[in-house]
Amino acid sequence: MPAASDPFVEHVCELLSPLGPVVARRMFGGWGLSVDGMNVGLVAWNTLYLKGNAETEPRWLAAGCQPFVYEAKGKPMRLNYFTAPEEAMESPALMQPWARLALQAAVAARAPRKKAAARSRRV
């Protein structure tokens, strides 16, 4: 559970609650958000970013969502996380389709890669 001193993180956990119990953990000056041990989002700079991947990215971008970009060693670095649509920040019901999209990306990231699975079968 988030610290009571961060109302925005508490609000975000409530928005994502249709996915199940949301765990918020401090990380790198922000918060990591997980459901069933899978990372579904993060909060940085008082902004919610939800997990995406190559398959879901077109939906995020079509909705006007922005990718998570930070600077490292003077270069912009991009992660597969996207801001939620503004209207989705109003209620769990409006957030639900976007939260499910983030969970879909988290499940896909957890699945074994085909090459790794093929290598393990050869052993």
# chains A, B, ... in the order shown; residues from 1 in each chain; ligands from 1
>>> closest_atom_pairs(of="segment 28-51 of chain A", to="segment 94-102 of chain A", cutoff="9 Å", atoms="only C-alpha atoms", output="CSV")
residue,atom,partner,partner_atom,distance
A:Asn39,CA,A:Ala102,CA,8.7
A:Val40,CA,A:Ala102,CA,5.4
A:Gly41,CA,A:Ala102,CA,7.3
A:Leu50,CA,A:Ala102,CA,5.6
A:Lys51,CA,A:Ala102,CA,4.6
>>> write_last_selection(atoms="N, CA and C atoms", output="compact mmCIF listing (two decimals), in the first residue's frame")
# COMPACT_ATOMS: atom_id res chain seq x y z
N ASN A 39 4.55 -5.79 -12.80
CA ASN A 39 4.60 -4.34 -12.90
C ASN A 39 3.62 -3.86 -13.96
N VAL A 40 2.65 -3.05 -13.54
CA VAL A 40 1.65 -2.54 -14.48
C VAL A 40 1.78 -1.04 -14.69
N GLY A 41 2.53 -0.39 -13.84
CA GLY A 41 2.65 1.05 -14.00
C GLY A 41 3.68 1.64 -13.07
N LEU A 50 1.41 3.85 -17.54
CA LEU A 50 0.97 2.46 -17.57
C LEU A 50 1.80 1.67 -18.56
N LYS A 51 2.01 0.40 -18.25
CA LYS A 51 2.87 -0.47 -19.06
C LYS A 51 2.28 -0.70 -20.44
>>> select_by_dssp(residues="segment 16-58 of chain A", states="helix (DSSP H, G or I)", output="PyMOL selection string")
chain A and resi 17-19+57-58
>>> write_last_selection(atoms="all heavy atoms", output="PDB file, in the first residue's frame")
ATOM      1  N   SER A  17      -7.669  -0.346  -9.093  1.00  0.00           N
ATOM      2  CA  SER A  17      -8.212  -1.417  -8.250  1.00  0.00           C
ATOM      3  C   SER A  17      -9.066  -2.456  -8.984  1.00  0.00           C
ATOM      4  O   SER A  17      -9.140  -3.600  -8.520  1.00  0.00           O
ATOM      5  CB  SER A  17      -8.986  -0.838  -7.073  1.00  0.00           C
ATOM      6  OG  SER A  17     -10.138  -0.144  -7.524  1.00  0.00           O
ATOM      7  N   PRO A  18      -9.699  -2.159 -10.137  1.00  0.00           N
ATOM      8  CA  PRO A  18     -10.416  -3.233 -10.830  1.00  0.00           C
ATOM      9  C   PRO A  18      -9.512  -4.406 -11.243  1.00  0.00           C
ATOM     10  O   PRO A  18      -9.994  -5.506 -11.483  1.00  0.00           O
ATOM     11  CB  PRO A  18     -11.012  -2.541 -12.057  1.00  0.00           C
ATOM     12  CG  PRO A  18     -11.218  -1.135 -11.618  1.00  0.00           C
ATOM     13  CD  PRO A  18     -10.010  -0.854 -10.740  1.00  0.00           C
ATOM     14  N   LEU A  19      -8.199  -4.167 -11.302  1.00  0.00           N
ATOM     15  CA  LEU A  19      -7.270  -5.248 -11.649  1.00  0.00           C
ATOM     16  C   LEU A  19      -7.032  -6.201 -10.478  1.00  0.00           C
ATOM     17  O   LEU A  19      -6.560  -7.310 -10.675  1.00  0.00           O
ATOM     18  CB  LEU A  19      -5.916  -4.680 -12.082  1.00  0.00           C
ATOM     19  CG  LEU A  19      -5.894  -3.847 -13.338  1.00  0.00           C
ATOM     20  CD1 LEU A  19      -4.483  -3.340 -13.601  1.00  0.00           C
ATOM     21  CD2 LEU A  19      -6.407  -4.634 -14.540  1.00  0.00           C
ATOM     22  N   GLU A  57       1.236  -0.386 -28.023  1.00  0.00           N
ATOM     23  CA  GLU A  57       1.675   1.002 -28.231  1.00  0.00           C
ATOM     24  C   GLU A  57       0.773   1.795 -29.179  1.00  0.00           C
ATOM     25  O   GLU A  57       0.439   2.952 -28.875  1.00  0.00           O
ATOM     26  CB  GLU A  57       3.120   1.042 -28.733  1.00  0.00           C
ATOM     27  CG  GLU A  57       3.624   2.456 -28.941  1.00  0.00           C
ATOM     28  CD  GLU A  57       5.083   2.515 -29.327  1.00  0.00           C
ATOM     29  OE1 GLU A  57       5.785   1.477 -29.314  1.00  0.00           O
ATOM     30  OE2 GLU A  57       5.534   3.627 -29.644  1.00  0.00           O
ATOM     31  N   PRO A  58       0.329   1.236 -30.306  1.00  0.00           N
ATOM     32  CA  PRO A  58      -0.542   2.021 -31.197  1.00  0.00           C
ATOM     33  C   PRO A  58      -1.814   2.530 -30.506  1.00  0.00           C
ATOM     34  O   PRO A  58      -2.264   3.643 -30.774  1.00  0.00           O
ATOM     35  CB  PRO A  58      -0.879   1.052 -32.330  1.00  0.00           C
ATOM     36  CG  PRO A  58       0.262   0.086 -32.353  1.00  0.00           C
ATOM     37  CD  PRO A  58       0.671  -0.057 -30.916  1.00  0.00           C
TER      38      PRO A  58
END
>>> residues_around(residues="Asn46 of chain A", least_positions_apart="5", cutoff="9 Å", atoms="only C-alpha atoms", output="number ranges by chain")
A: 8-9, 30
>>> closest_residue(among="A:Leu42, A:Gly29, A:Val107, A:Glu55", to="Tyr81 of chain A", atoms="only C-alpha atoms")
A:Leu42
>>> select_by_dssp(residues="segment 4-108 of chain A", states="strand (DSSP E or B)", output="PyMOL selection string")
chain A and resi 22-27+30-35+38-44+47-51+67-72+75-83
>>> closest_residue(among="A:Ala84, A:Ala24, A:Leu103, A:Leu79", to="Met38 of chain A", atoms="only C-alpha atoms")
A:Leu103
>>> closest_residue(among="A:Val43, A:Ala54, A:Leu61, A:Ala108", to="His11 of chain A", atoms="only C-alpha atoms")
A:Val43
>>> atom_distance(atom1="atom CA of Glu90 of chain A", atom2="atom CA of Trp60 of chain A")
17.5 Å
>>> atom_distance(atom1="atom CA of Pro67 of chain A", atom2="atom CA of Asn80 of chain A")
6.9 Å
>>> closest_residue(among="A:Ala105, A:Leu33, A:Leu16, A:Met89", to="Asn53 of chain A", atoms="only C-alpha atoms")
A:Ala105
>>> atom_distance(atom1="atom CA of Thr83 of chain A", atom2="atom CA of Arg59 of chain A")
11.8 Å
>>> decode(residues="segment 84-116 of chain A", atoms="C-alpha atoms", output="compact mmCIF listing (two decimals), in the first residue's frame")
# COMPACT_ATOMS: atom_id res chain seq x y z
CA ALA A 84 -3.12 7.39 -19.14
CA PRO A 85 -5.75 9.31 -21.10
CA GLU A 86 -6.76 12.36 -19.07
CA GLU A 87 -10.40 11.31 -18.76
CA ALA A 88 -9.35 7.90 -17.37
CA MET A 89 -7.90 9.66 -14.32
CA GLU A 90 -11.45 10.47 -13.16
CA SER A 91 -12.70 7.04 -12.06
CA PRO A 92 -11.86 3.34 -11.84
CA ALA A 93 -14.55 2.61 -14.44
CA LEU A 94 -12.96 4.97 -16.99
CA MET A 95 -9.49 3.65 -16.15
CA GLN A 96 -10.44 -0.03 -16.42
CA PRO A 97 -9.82 -0.56 -20.17
CA TRP A 98 -6.43 1.15 -19.91
CA ALA A 99 -5.51 -0.74 -16.74
CA ARG A 100 -6.39 -4.01 -18.50
CA LEU A 101 -4.21 -3.00 -21.45
CA ALA A 102 -1.31 -2.42 -19.02
CA LEU A 103 -1.96 -5.80 -17.39
CA GLN A 104 -1.98 -7.43 -20.84
CA ALA A 105 1.49 -5.98 -21.50
CA ALA A 106 2.70 -7.12 -18.07
CA VAL A 107 1.45 -10.67 -18.67
CA ALA A 108 3.13 -10.72 -22.10
CA ALA A 109 6.41 -9.51 -20.55
CA ARG A 110 6.25 -12.30 -17.99
CA ALA A 111 5.64 -15.04 -20.60
CA PRO A 112 8.77 -16.98 -21.61
CA ARG A 113 10.23 -15.88 -24.90
CA LYS A 114 9.99 -18.39 -27.75
CA LYS A 115 13.77 -18.61 -28.29
CA ALA A 116 14.41 -19.19 -24.58
